[in-house]
file model11.cif (mmCIF, C-alpha atoms)
data_coords
loop_
_atom_site.group_PDB
_atom_site.id
_atom_site.type_symbol
_atom_site.label_atom_id
_atom_site.label_comp_id
_atom_site.auth_asym_id
_atom_site.auth_seq_id
_atom_site.Cartn_x
_atom_site.Cartn_y
_atom_site.Cartn_z
ATOM 1 C CA MET S 1 95.996 -5.995 21.211
ATOM 2 C CA SER S 2 99.182 -6.322 23.269
ATOM 3 C CA ARG S 3 102.406 -7.990 22.327
ATOM 4 C CA PHE S 4 101.872 -10.438 25.167
ATOM 5 C CA ASP S 5 98.514 -11.517 23.727
ATOM 6 C CA ASP S 6 100.005 -11.875 20.259
ATOM 7 C CA GLU S 7 102.874 -13.970 21.540
ATOM 8 C CA LEU S 8 100.546 -16.123 23.648
ATOM 9 C CA ARG S 9 98.237 -16.646 20.669
ATOM 10 C CA GLU S 10 101.237 -17.599 18.564
ATOM 11 C CA ALA S 11 102.614 -19.920 21.248
ATOM 12 C CA LEU S 12 99.288 -21.734 21.594
ATOM 13 C CA LYS S 13 98.271 -21.862 17.952
ATOM 14 C CA ARG S 14 96.917 -25.129 16.632
ATOM 15 C CA VAL S 15 99.348 -27.788 15.509
ATOM 16 C CA ASP S 16 98.680 -30.822 13.348
ATOM 17 C CA PRO S 17 98.642 -34.176 15.085
ATOM 18 C CA PRO S 18 101.445 -36.650 14.270
ATOM 19 C CA ASP S 19 101.297 -38.409 10.877
ATOM 20 C CA GLY S 20 98.846 -41.273 10.708
ATOM 21 C CA PHE S 21 96.713 -39.935 13.539
ATOM 22 C CA SER S 22 93.402 -40.171 11.679
ATOM 23 C CA GLU S 23 94.270 -43.681 10.423
ATOM 24 C CA ARG S 24 94.953 -44.783 13.996
ATOM 25 C CA VAL S 25 91.650 -43.313 15.157
ATOM 26 C CA LEU S 26 89.768 -45.036 12.320
ATOM 27 C CA ALA S 27 91.489 -48.323 13.193
ATOM 28 C CA ARG S 28 90.292 -48.000 16.787
ATOM 29 C CA VAL S 29 86.803 -47.208 15.542
ATOM 30 C CA ALA S 30 86.890 -50.325 13.339
ATOM 31 C CA GLU S 31 87.979 -52.358 16.373
ATOM 32 C CA GLU S 32 85.125 -50.878 18.359
ATOM 33 C CA ARG S 33 82.680 -51.696 15.566
ATOM 34 C CA ALA S 34 83.875 -55.304 15.480
ATOM 35 C CA LYS S 35 83.215 -55.735 19.183
ATOM 36 C CA PRO S 36 79.917 -57.548 19.835
ATOM 37 C CA SER S 37 77.129 -55.498 21.354
ATOM 38 C CA LEU S 38 76.060 -55.920 24.977
ATOM 39 C CA ILE S 39 72.992 -57.959 23.961
ATOM 40 C CA GLU S 40 75.116 -60.148 21.710
ATOM 41 C CA ARG S 41 77.624 -60.728 24.510
ATOM 42 C CA PHE S 42 74.796 -61.653 26.889
ATOM 43 C CA ARG S 43 73.296 -64.036 24.331
ATOM 44 C CA ARG S 44 76.676 -65.686 23.756
ATOM 45 C CA ALA S 45 77.290 -65.995 27.492
ATOM 46 C CA LEU S 46 73.894 -67.601 27.901
ATOM 47 C CA TRP S 47 74.722 -70.235 25.293
ATOM 48 C CA ALA S 48 78.073 -71.165 26.804
ATOM 49 C CA PRO S 49 77.999 -74.858 28.050
ATOM 50 C CA ARG S 50 78.571 -73.938 31.680
ATOM 51 C CA MET S 51 75.846 -71.324 31.576
ATOM 52 C CA ARG S 52 73.508 -73.827 29.905
ATOM 53 C CA TRP S 53 73.981 -76.362 32.722
ATOM 54 C CA ALA S 54 73.616 -73.633 35.303
ATOM 55 C CA ALA S 55 70.363 -72.552 33.653
ATOM 56 C CA VAL S 56 69.064 -76.141 33.579
ATOM 57 C CA GLY S 57 69.991 -76.540 37.267
ATOM 58 C CA ALA S 58 68.318 -73.299 38.229
ATOM 59 C CA LEU S 59 65.180 -74.210 36.277
ATOM 60 C CA SER S 60 65.026 -77.673 37.924
ATOM 61 C CA LEU S 61 65.384 -76.138 41.366
ATOM 62 C CA ALA S 62 62.652 -73.641 40.581
ATOM 63 C CA ILE S 63 60.269 -76.429 39.432
ATOM 64 C CA LEU S 64 61.066 -78.517 42.531
ATOM 65 C CA ALA S 65 60.471 -75.552 44.803
ATOM 66 C CA GLY S 66 57.178 -74.835 43.012
ATOM 67 C CA VAL S 67 55.972 -78.439 43.424
ATOM 68 C CA GLN S 68 56.902 -78.436 47.130
ATOM 69 C CA HIS S 69 55.077 -75.187 47.669
ATOM 70 C CA GLN S 70 51.975 -76.495 45.890
ATOM 71 C CA ARG S 71 52.009 -79.639 48.066
ATOM 72 C CA ALA S 72 52.300 -77.606 51.240
ATOM 73 C CA VAL S 73 49.353 -75.442 50.148
ATOM 74 C CA GLU S 74 47.197 -78.485 49.408
ATOM 75 C CA GLN S 75 48.116 -80.132 52.741
ATOM 76 C CA ARG S 76 47.208 -76.991 54.616
ATOM 77 C CA ALA S 77 43.862 -76.842 52.805
ATOM 78 C CA ARG S 78 43.143 -80.456 53.693
ATOM 79 C CA GLY S 79 44.002 -79.801 57.341
ATOM 80 C CA GLU S 80 41.653 -76.818 57.416
ATOM 81 C CA GLN S 81 38.871 -78.914 55.921
ATOM 82 C CA ALA S 82 39.356 -81.681 58.536
ATOM 83 C CA LYS S 83 39.308 -79.119 61.326
ATOM 84 C CA GLU S 84 36.011 -77.713 60.045
ATOM 85 C CA GLN S 85 34.505 -81.198 59.955
ATOM 86 C CA VAL S 86 35.587 -81.987 63.527
ATOM 87 C CA LEU S 87 34.126 -78.711 64.770
ATOM 88 C CA LEU S 88 30.857 -79.417 62.962
ATOM 89 C CA ALA S 89 30.685 -82.927 64.510
ATOM 90 C CA LEU S 90 31.318 -81.495 67.967
ATOM 91 C CA ARG S 91 28.561 -78.921 67.470
ATOM 92 C CA ILE S 92 26.054 -81.608 66.406
ATOM 93 C CA THR S 93 27.006 -83.845 69.339
ATOM 94 C CA ALA S 94 26.605 -80.971 71.789
ATOM 95 C CA GLU S 95 23.158 -80.184 70.398
ATOM 96 C CA GLN S 96 22.131 -83.853 70.722
ATOM 97 C CA ILE S 97 23.356 -84.029 74.342
ATOM 98 C CA GLN S 98 21.390 -80.878 75.156
ATOM 99 C CA THR S 99 18.230 -82.389 73.595
ATOM 100 C CA ALA S 100 18.714 -85.601 75.605
ATOM 101 C CA GLU S 101 19.285 -83.596 78.803
ATOM 102 C CA ARG S 102 16.081 -81.642 78.244
ATOM 103 C CA GLY S 103 14.187 -84.985 77.764
ATOM 104 C CA VAL S 104 15.556 -86.420 81.014
ATOM 105 C CA ARG S 105 14.591 -83.234 82.936
ATOM 106 C CA LYS S 106 11.028 -83.441 81.609
ATOM 107 C CA LEU S 107 10.702 -87.111 82.746
ATOM 108 C CA ASN S 108 12.066 -86.270 86.225
ATOM 109 C CA ALA S 109 9.543 -83.438 86.593
ATOM 110 C CA SER S 110 6.531 -85.631 85.684
ATOM 111 C CA TRP S 111 7.449 -88.225 88.356
ATOM 112 C CA MET C 1 72.039 -17.238 19.194
ATOM 113 C CA SER C 2 75.518 -18.332 20.146
ATOM 114 C CA GLN C 3 77.283 -20.605 17.730
ATOM 115 C CA LEU C 4 78.046 -22.726 20.712
ATOM 116 C CA ALA C 5 74.840 -24.705 20.979
ATOM 117 C CA LEU C 6 75.878 -27.055 23.683
ATOM 118 C CA ALA C 7 72.668 -28.766 24.614
ATOM 119 C CA ASP C 8 73.220 -32.464 25.087
ATOM 120 C CA SER C 9 69.723 -33.369 24.142
ATOM 121 C CA VAL C 10 68.874 -33.749 20.510
ATOM 122 C CA THR C 11 66.196 -31.408 19.229
ATOM 123 C CA PRO C 12 63.170 -33.418 18.113
ATOM 124 C CA GLY C 13 63.194 -33.832 14.368
ATOM 125 C CA ALA C 14 66.844 -32.895 14.050
ATOM 126 C CA GLN C 15 69.013 -35.014 11.777
ATOM 127 C CA ALA C 16 71.614 -36.876 13.814
ATOM 128 C CA VAL C 17 75.180 -37.006 12.559
ATOM 129 C CA SER C 18 75.660 -40.228 10.628
ATOM 130 C CA GLU C 19 78.563 -42.668 10.686
ATOM 131 C CA ALA C 20 79.460 -41.519 7.187
ATOM 132 C CA ASP C 21 80.151 -38.027 8.562
ATOM 133 C CA PHE C 22 82.624 -39.333 11.102
ATOM 134 C CA SER C 23 85.779 -39.297 8.986
ATOM 135 C CA GLY C 24 84.929 -35.757 7.814
ATOM 136 C CA ILE C 25 84.474 -34.571 11.397
ATOM 137 C CA LEU C 26 87.727 -36.298 12.340
ATOM 138 C CA ARG C 27 89.609 -34.582 9.507
ATOM 139 C CA GLU C 28 88.143 -31.160 10.291
ATOM 140 C CA ASN C 29 88.706 -31.277 14.047
ATOM 141 C CA GLN C 30 91.800 -33.382 14.625
ATOM 142 C CA ALA C 31 94.131 -30.374 14.866
ATOM 143 C CA MET C 32 91.791 -28.640 17.316
ATOM 144 C CA VAL C 33 91.402 -31.664 19.606
ATOM 145 C CA TYR C 34 95.062 -32.633 19.465
ATOM 146 C CA SER C 35 96.229 -29.059 20.059
ATOM 147 C CA ILE C 36 94.022 -28.551 23.117
ATOM 148 C CA ALA C 37 95.383 -31.797 24.548
ATOM 149 C CA PHE C 38 98.965 -30.999 23.596
ATOM 150 C CA ASN C 39 98.906 -27.418 24.870
ATOM 151 C CA PHE C 40 97.359 -28.689 28.085
ATOM 152 C CA LEU C 41 99.527 -31.757 28.713
ATOM 153 C CA ARG C 42 102.774 -30.743 26.926
ATOM 154 C CA ASP C 43 103.317 -34.384 25.992
ATOM 155 C CA GLN C 44 102.871 -35.623 22.421
ATOM 156 C CA ALA C 45 102.154 -39.273 23.259
ATOM 157 C CA LEU C 46 99.639 -38.429 25.987
ATOM 158 C CA ALA C 47 98.008 -35.793 23.809
ATOM 159 C CA GLU C 48 97.576 -38.273 20.963
ATOM 160 C CA GLU C 49 96.179 -40.942 23.287
ATOM 161 C CA LEU C 50 93.716 -38.494 24.803
ATOM 162 C CA ALA C 51 92.700 -37.154 21.375
ATOM 163 C CA GLN C 52 92.106 -40.706 20.103
ATOM 164 C CA ASP C 53 89.957 -41.475 23.143
ATOM 165 C CA VAL C 54 87.917 -38.318 22.540
ATOM 166 C CA PHE C 55 87.234 -39.277 18.902
ATOM 167 C CA LEU C 56 86.302 -42.804 19.940
ATOM 168 C CA GLN C 57 83.856 -41.359 22.457
ATOM 169 C CA LEU C 58 82.501 -39.116 19.694
ATOM 170 C CA TYR C 59 81.949 -42.166 17.494
ATOM 171 C CA LYS C 60 79.940 -43.830 20.266
ATOM 172 C CA ASN C 61 77.831 -40.686 20.676
ATOM 173 C CA LEU C 62 77.271 -39.833 17.004
ATOM 174 C CA GLY C 63 73.540 -40.448 17.263
ATOM 175 C CA ARG C 64 73.200 -37.746 19.914
ATOM 176 C CA LEU C 65 74.779 -35.011 17.830
ATOM 177 C CA GLU C 66 72.724 -32.804 15.572
ATOM 178 C CA SER C 67 75.253 -31.351 13.181
ATOM 179 C CA ARG C 68 78.936 -31.009 12.424
ATOM 180 C CA GLN C 69 78.994 -27.729 14.344
ATOM 181 C CA HIS C 70 77.435 -29.458 17.329
ATOM 182 C CA ALA C 71 80.056 -32.202 17.001
ATOM 183 C CA ALA C 72 82.869 -29.614 16.951
ATOM 184 C CA ASN C 73 81.531 -27.961 20.101
ATOM 185 C CA TRP C 74 81.082 -31.341 21.747
ATOM 186 C CA LEU C 75 84.689 -32.218 20.888
ATOM 187 C CA ARG C 76 86.011 -28.953 22.311
ATOM 188 C CA ARG C 77 84.146 -29.412 25.568
ATOM 189 C CA THR C 78 84.900 -33.120 25.954
ATOM 190 C CA THR C 79 88.595 -32.606 25.251
ATOM 191 C CA GLY C 80 88.745 -29.848 27.867
ATOM 192 C CA HIS C 81 87.033 -31.958 30.499
ATOM 193 C CA ARG C 82 89.140 -34.997 29.709
ATOM 194 C CA CYS C 83 92.325 -32.942 29.985
ATOM 195 C CA ILE C 84 91.302 -31.727 33.430
ATOM 196 C CA ASP C 85 90.319 -35.242 34.529
ATOM 197 C CA PHE C 86 93.580 -36.648 33.230
ATOM 198 C CA ALA C 87 95.679 -33.991 34.951
ATOM 199 C CA ARG C 88 93.837 -34.557 38.229
ATOM 200 C CA ARG C 89 94.314 -38.328 38.042
ATOM 201 C CA ARG C 90 97.974 -37.917 37.197
ATOM 202 C CA GLY C 91 98.466 -35.604 40.140
ATOM 203 C CA PRO C 92 100.729 -32.589 40.417
ATOM 204 C CA VAL C 93 103.710 -34.228 38.716
ATOM 205 C CA LYS C 94 104.756 -31.428 36.423
ATOM 206 C CA GLU C 95 102.511 -28.698 37.682
ATOM 207 C CA VAL C 96 104.192 -25.727 39.276
ATOM 208 C CA ASP C 97 102.183 -22.963 40.851
ATOM 209 C CA LEU C 98 102.418 -19.838 38.760
ATOM 210 C CA GLU C 99 103.607 -17.799 41.709
ATOM 211 C CA SER C 100 106.546 -20.112 42.194
ATOM 212 C CA ALA C 101 107.254 -20.835 38.534
ATOM 213 C CA PRO C 102 110.894 -20.171 37.642
ATOM 214 C CA GLU C 103 111.389 -16.841 35.980
ATOM 215 C CA PRO C 104 113.297 -16.882 32.706
ATOM 216 C CA SER C 105 116.579 -15.068 33.034
ATOM 217 C CA SER C 106 117.381 -13.755 29.561
ATOM 218 C CA GLU C 107 115.433 -11.398 27.369
ATOM 219 C CA GLY C 108 114.163 -12.701 24.063
ATOM 220 C CA SER C 109 113.389 -11.129 20.747
ATOM 221 C CA PHE C 110 109.912 -10.919 19.256
ATOM 222 C CA THR C 111 110.587 -13.795 16.856
ATOM 223 C CA ASP C 112 112.476 -15.948 19.300
ATOM 224 C CA PRO C 113 111.006 -19.484 19.308
ATOM 225 C CA LEU C 114 112.446 -19.968 22.779
ATOM 226 C CA LEU C 115 110.316 -17.108 23.986
ATOM 227 C CA ARG C 116 107.182 -18.900 22.831
ATOM 228 C CA GLU C 117 108.380 -22.060 24.489
ATOM 229 C CA ARG C 118 108.707 -20.090 27.703
ATOM 230 C CA LEU C 119 105.162 -18.866 27.288
ATOM 231 C CA ARG C 120 103.992 -22.448 26.751
ATOM 232 C CA ARG C 121 105.756 -23.472 29.937
ATOM 233 C CA LEU C 122 104.122 -20.607 31.726
ATOM 234 C CA VAL C 123 100.733 -21.860 30.544
ATOM 235 C CA ALA C 124 101.661 -25.410 31.558
ATOM 236 C CA SER C 125 102.414 -24.180 35.064
ATOM 237 C CA LEU C 126 98.852 -22.941 35.558
ATOM 238 C CA PRO C 127 96.290 -24.890 37.589
ATOM 239 C CA GLU C 128 94.076 -27.074 35.357
ATOM 240 C CA LYS C 129 91.003 -24.877 34.986
ATOM 241 C CA LYS C 130 92.964 -21.698 34.464
ATOM 242 C CA ARG C 131 95.159 -23.483 31.925
ATOM 243 C CA LEU C 132 92.094 -24.578 30.004
ATOM 244 C CA LEU C 133 90.678 -21.040 30.121
ATOM 245 C CA VAL C 134 93.853 -19.659 28.566
ATOM 246 C CA ILE C 135 93.996 -22.395 25.913
ATOM 247 C CA MET C 136 90.375 -21.873 24.923
ATOM 248 C CA ARG C 137 90.816 -18.130 24.799
ATOM 249 C CA PHE C 138 94.113 -17.995 22.929
ATOM 250 C CA GLN C 139 94.211 -21.229 20.933
ATOM 251 C CA GLU C 140 90.534 -21.487 20.089
ATOM 252 C CA GLU C 141 89.873 -17.721 20.090
ATOM 253 C CA MET C 142 86.686 -18.315 22.048
ATOM 254 C CA GLU C 143 84.679 -15.545 23.668
ATOM 255 C CA LEU C 144 84.512 -15.588 27.464
ATOM 256 C CA GLU C 145 80.772 -16.393 27.364
ATOM 257 C CA GLU C 146 81.444 -19.383 25.151
ATOM 258 C CA ILE C 147 84.156 -20.608 27.509
ATOM 259 C CA ALA C 148 81.727 -20.219 30.418
ATOM 260 C CA LYS C 149 79.223 -22.425 28.612
ATOM 261 C CA VAL C 150 81.821 -25.035 27.737
ATOM 262 C CA LEU C 151 83.131 -25.268 31.288
ATOM 263 C CA ASN C 152 79.697 -24.813 32.819
ATOM 264 C CA ILE C 153 80.778 -21.995 35.111
ATOM 265 C CA PRO C 154 79.407 -18.455 35.399
ATOM 266 C CA ALA C 155 80.711 -15.976 32.819
ATOM 267 C CA ARG C 156 81.602 -13.610 35.632
ATOM 268 C CA THR C 157 83.889 -16.247 37.156
ATOM 269 C CA VAL C 158 85.528 -16.861 33.805
ATOM 270 C CA ARG C 159 86.101 -13.120 33.342
ATOM 271 C CA THR C 160 87.608 -12.724 36.823
ATOM 272 C CA GLN C 161 89.806 -15.799 36.573
ATOM 273 C CA MET C 162 90.975 -14.898 33.093
ATOM 274 C CA TRP C 163 91.872 -11.397 34.176
ATOM 275 C CA ARG C 164 93.790 -12.565 37.247
ATOM 276 C CA THR C 165 95.577 -15.318 35.340
ATOM 277 C CA LEU C 166 96.601 -13.024 32.511
ATOM 278 C CA ALA C 167 97.736 -10.328 34.914
ATOM 279 C CA LEU C 168 99.960 -12.799 36.694
ATOM 280 C CA MET C 169 101.231 -14.242 33.428
ATOM 281 C CA ARG C 170 101.984 -10.757 32.067
ATOM 282 C CA GLU C 171 103.953 -10.009 35.174
ATOM 283 C CA LYS C 172 105.970 -13.219 34.833
ATOM 284 C CA ALA C 173 106.392 -12.764 31.098
ATOM 285 C CA SER C 174 107.472 -9.141 31.380
ATOM 286 C CA HIS C 175 110.932 -10.330 32.393
ATOM 287 C CA PHE C 176 111.539 -11.976 29.054
ATOM 288 C CA LEU C 177 109.154 -10.002 26.854
ATOM 289 C CA GLY C 178 110.445 -6.622 27.949
ATOM 290 C CA GLU C 179 107.834 -3.902 27.855
ATOM 291 C CA ILE C 180 104.670 -5.856 27.008
ATOM 292 C CA ASP C 181 102.911 -3.084 25.195
ATOM 293 C CA SER C 182 103.019 0.639 25.175
ATOM 294 C CA THR C 183 99.642 1.065 26.877
ATOM 295 C CA GLY C 184 100.148 -1.676 29.431
ATOM 296 C CA ARG C 185 96.644 -2.902 28.631
ATOM 297 C CA GLY C 186 95.593 -6.161 27.097
ATOM 298 C CA PRO C 187 92.267 -6.940 25.411
ATOM 299 C CA ASP C 188 90.940 -8.625 28.516
ATOM 300 C CA ARG C 189 92.017 -5.877 30.856
ATOM 301 C CA LYS C 190 89.016 -3.750 29.980
ATOM 302 C CA GLU C 191 86.734 -6.674 30.938
ATOM 303 C CA ALA C 192 88.242 -6.895 34.377
ATOM 304 C CA PRO C 193 85.961 -6.727 37.388
ATOM 305 C CA GLU C 194 86.032 -3.582 39.454
#

call {"tool": "encode", "arguments": {"input": "model11.cif", "output": "structure tokens"}}
result
Amino acid sequence: MSRFDDELREALKRVDPPDGFSERVLARVAEERAKPSLIERFRRALWAPRMRWAAVGALSLAILAGVQHQRAVEQRARGEQAKEQVLLALRITAEQIQTAERGVRKLNASW
Amino acid sequence: MSQLALADSVTPGAQAVSEADFSGILRENQAMVYSIAFNFLRDQALAEELAQDVFLQLYKNLGRLESRQHAANWLRRTTGHRCIDFARRRGPVKEVDLESAPEPSSEGSFTDPLLRERLRRLVASLPEKKRLLVIMRFQEEMELEEIAKVLNIPARTVRTQMWRTLALMREKASHFLGEIDSTGRGPDRKEAPE
């Protein structure tokens, strides 16, 4: 053990903190404890009047958007159905024309 | 097993430190936390502020600590890291490189309080990590392996840095300490790398 080490140890030995230190720490802890939690702060923010109106607005917009989307889907489905019907009618007509054409050819051949 | 169980994770089944233990932990460790901060920063107000912040952080993390011993180790490590962070944020305001630190002119006696003040200034002139190494070694009487765990650096690095720092400090201090010791060897000298 050298004198230098002894002196350094002595120079750096622990000292007590200023009077009232622990009381000040405990006061800060009490302050911290009194602070509302993150969930509590979120809940309070959600119930603030402005936030309530904003939530109502956002919900209304979401419902409106949902209704519009549903309408668009239904309209598209109806369009598809009409297209199918037209195609079916065209197919039937074409078959009937072909049948009539075959009948006319048979008559022409017998004469 | 080292007394310095520094794992952050709580061992399954271990009893966490309760809120009721907090004031006891505060009472037992306030001198340690404050002294690390004070010896590092050399400013009473800053040291108190930093020490308060450390205890507040401890309070928020009580559930993660397994025992009072774990809490003491946590405090030692957190204080050290916070000191380094604080000094880095503050910038090199008071820091003087050890090489260029002013050398005391007069010789002091063994019991001279001024001599110890000079040693404190010498410590304060060290770069942050080296300063913390010296404080942990000489204030907290920690083994080099424990310091390595606290600072999360290899023990070999701690040994080398401690040896170099102390050698330089001895050289500086020799001007006001006179002949440092009859053998010219300190306790850490034998641990020096080849």

call {"tool": "residues_around", "arguments": {"input": "model11.cif", "residues": "region 43-52 of chain C", "least_positions_apart": "2", "cutoff": "6 Å", "atoms": "all atoms listed in the file", "output": "list in words"}}
result
Val25 of chain S; Val33, Tyr34, Ala37, Phe38, Leu41, Val54 and Phe55 of chain C

call {"tool": "resolve_selection", "arguments": {"input": "model11.cif", "expression": "the PyMOL selection byres ((chain C and resi 27) around 12)", "output": "number ranges by chain"}}
result
S: 16-17, 20-23, 25-26; C: 21-26, 28-34, 55, 68, 72

call {"tool": "closest_atom_pairs", "arguments": {"input": "model11.cif", "of": "chain S", "to": "chain C", "cutoff": "6 Å", "atoms": "all atoms listed in the file", "output": "tab-separated table"}}
result
residue	atom	partner	partner_atom	distance
S:Met1	CA	C:Pro187	CA	5.7
S:Ser2	CA	C:Gly186	CA	5.2
S:Arg3	CA	C:Ile180	CA	5.6
S:Phe4	CA	C:Ile180	CA	5.7
S:Arg9	CA	C:Phe138	CA	4.9
S:Ala11	CA	C:Arg116	CA	4.9
S:Leu12	CA	C:Gln139	CA	5.1
S:Lys13	CA	C:Gln139	CA	5.1
S:Arg14	CA	C:Ser35	CA	5.3
S:Val15	CA	C:Ser35	CA	5.7
S:Asp16	CA	C:Ala31	CA	4.8
S:Pro17	CA	C:Tyr34	CA	5.9
S:Val25	CA	C:Gln52	CA	5.6

call {"tool": "write_last_selection", "arguments": {"input": "model11.cif", "atoms": "C-alpha atoms", "output": "compact mmCIF listing (two decimals), keeping the file's coordinate frame"}}
result
# COMPACT_ATOMS: atom_id res chain seq x y z
CA MET S 1 96.00 -6.00 21.21
CA SER S 2 99.18 -6.32 23.27
CA ARG S 3 102.41 -7.99 22.33
CA PHE S 4 101.87 -10.44 25.17
CA ARG S 9 98.24 -16.65 20.67
CA ALA S 11 102.61 -19.92 21.25
CA LEU S 12 99.29 -21.73 21.59
CA LYS S 13 98.27 -21.86 17.95
CA ARG S 14 96.92 -25.13 16.63
CA VAL S 15 99.35 -27.79 15.51
CA ASP S 16 98.68 -30.82 13.35
CA PRO S 17 98.64 -34.18 15.08
CA VAL S 25 91.65 -43.31 15.16

call {"tool": "atom_distance", "arguments": {"input": "model11.cif", "atom1": "CA of Arg77 (chain C)", "atom2": "CA of Lys149 (chain C)"}}
result
9.1 Å

call {"tool": "atom_distance", "arguments": {"input": "model11.cif", "atom1": "CA of Arg28 (chain S)", "atom2": "CA of His81 (chain C)"}}
result
21.4 Å

call {"tool": "closest_residue", "arguments": {"input": "model11.cif", "among": "C:Ile153, C:Leu58, C:Val158, C:Leu133", "to": "Ile84 (chain C)", "atoms": "all atoms listed in the file"}}
result
C:Leu133

call {"tool": "atom_distance", "arguments": {"input": "model11.cif", "atom1": "CA of Glu143 (chain C)", "atom2": "CA of Lys130 (chain C)"}}
result
14.9 Å

call {"tool": "closest_residue", "arguments": {"input": "model11.cif", "among": "S:Val29, S:Ile39, S:Val67, S:Arg24", "to": "Glu19 (chain C)", "atoms": "all atoms listed in the file"}}
result
S:Val29

call {"tool": "build_atoms", "arguments": {"input": "model11.cif", "residues": "region 56-71 of chain C", "atoms": "N, CA and C atoms", "output": "PDB file, in the coordinates of the input"}}
result
ATOM      1  N   LEU C  56      87.004 -41.524  19.765  1.00  0.00           N
ATOM      2  CA  LEU C  56      86.302 -42.804  19.940  1.00  0.00           C
ATOM      3  C   LEU C  56      84.988 -42.572  20.698  1.00  0.00           C
ATOM      4  N   GLN C  57      85.073 -41.708  21.691  1.00  0.00           N
ATOM      5  CA  GLN C  57      83.856 -41.359  22.457  1.00  0.00           C
ATOM      6  C   GLN C  57      82.851 -40.646  21.537  1.00  0.00           C
ATOM      7  N   LEU C  58      83.383 -39.801  20.653  1.00  0.00           N
ATOM      8  CA  LEU C  58      82.501 -39.116  19.694  1.00  0.00           C
ATOM      9  C   LEU C  58      81.785 -40.149  18.823  1.00  0.00           C
ATOM     10  N   TYR C  59      82.533 -41.133  18.357  1.00  0.00           N
ATOM     11  CA  TYR C  59      81.949 -42.166  17.494  1.00  0.00           C
ATOM     12  C   TYR C  59      80.787 -42.861  18.212  1.00  0.00           C
ATOM     13  N   LYS C  60      80.988 -43.141  19.495  1.00  0.00           N
ATOM     14  CA  LYS C  60      79.940 -43.830  20.266  1.00  0.00           C
ATOM     15  C   LYS C  60      78.723 -42.942  20.489  1.00  0.00           C
ATOM     16  N   ASN C  61      78.926 -41.626  20.409  1.00  0.00           N
ATOM     17  CA  ASN C  61      77.831 -40.686  20.676  1.00  0.00           C
ATOM     18  C   ASN C  61      77.306 -39.990  19.418  1.00  0.00           C
ATOM     19  N   LEU C  62      77.658 -40.507  18.258  1.00  0.00           N
ATOM     20  CA  LEU C  62      77.271 -39.833  17.004  1.00  0.00           C
ATOM     21  C   LEU C  62      75.768 -39.575  16.909  1.00  0.00           C
ATOM     22  N   GLY C  63      74.988 -40.563  17.373  1.00  0.00           N
ATOM     23  CA  GLY C  63      73.540 -40.448  17.263  1.00  0.00           C
ATOM     24  C   GLY C  63      72.951 -39.299  18.069  1.00  0.00           C
ATOM     25  N   ARG C  64      73.716 -38.812  19.051  1.00  0.00           N
ATOM     26  CA  ARG C  64      73.200 -37.746  19.914  1.00  0.00           C
ATOM     27  C   ARG C  64      73.543 -36.359  19.383  1.00  0.00           C
ATOM     28  N   LEU C  65      74.328 -36.308  18.331  1.00  0.00           N
ATOM     29  CA  LEU C  65      74.779 -35.011  17.830  1.00  0.00           C
ATOM     30  C   LEU C  65      73.954 -34.586  16.616  1.00  0.00           C
ATOM     31  N   GLU C  66      73.650 -33.302  16.591  1.00  0.00           N
ATOM     32  CA  GLU C  66      72.724 -32.804  15.572  1.00  0.00           C
ATOM     33  C   GLU C  66      73.389 -32.394  14.276  1.00  0.00           C
ATOM     34  N   SER C  67      74.608 -31.895  14.378  1.00  0.00           N
ATOM     35  CA  SER C  67      75.253 -31.351  13.181  1.00  0.00           C
ATOM     36  C   SER C  67      76.763 -31.384  13.383  1.00  0.00           C
ATOM     37  N   ARG C  68      77.471 -31.051  12.331  1.00  0.00           N
ATOM     38  CA  ARG C  68      78.936 -31.009  12.424  1.00  0.00           C
ATOM     39  C   ARG C  68      79.396 -29.935  13.402  1.00  0.00           C
ATOM     40  N   GLN C  69      78.655 -28.817  13.421  1.00  0.00           N
ATOM     41  CA  GLN C  69      78.994 -27.729  14.344  1.00  0.00           C
ATOM     42  C   GLN C  69      78.801 -28.201  15.790  1.00  0.00           C
ATOM     43  N   HIS C  70      77.704 -28.914  16.004  1.00  0.00           N
ATOM     44  CA  HIS C  70      77.435 -29.458  17.329  1.00  0.00           C
ATOM     45  C   HIS C  70      78.551 -30.430  17.721  1.00  0.00           C
ATOM     46  N   ALA C  71      78.986 -31.234  16.738  1.00  0.00           N
ATOM     47  CA  ALA C  71      80.056 -32.202  17.001  1.00  0.00           C
ATOM     48  C   ALA C  71      81.355 -31.473  17.371  1.00  0.00           C
TER      49      ALA C  71
END
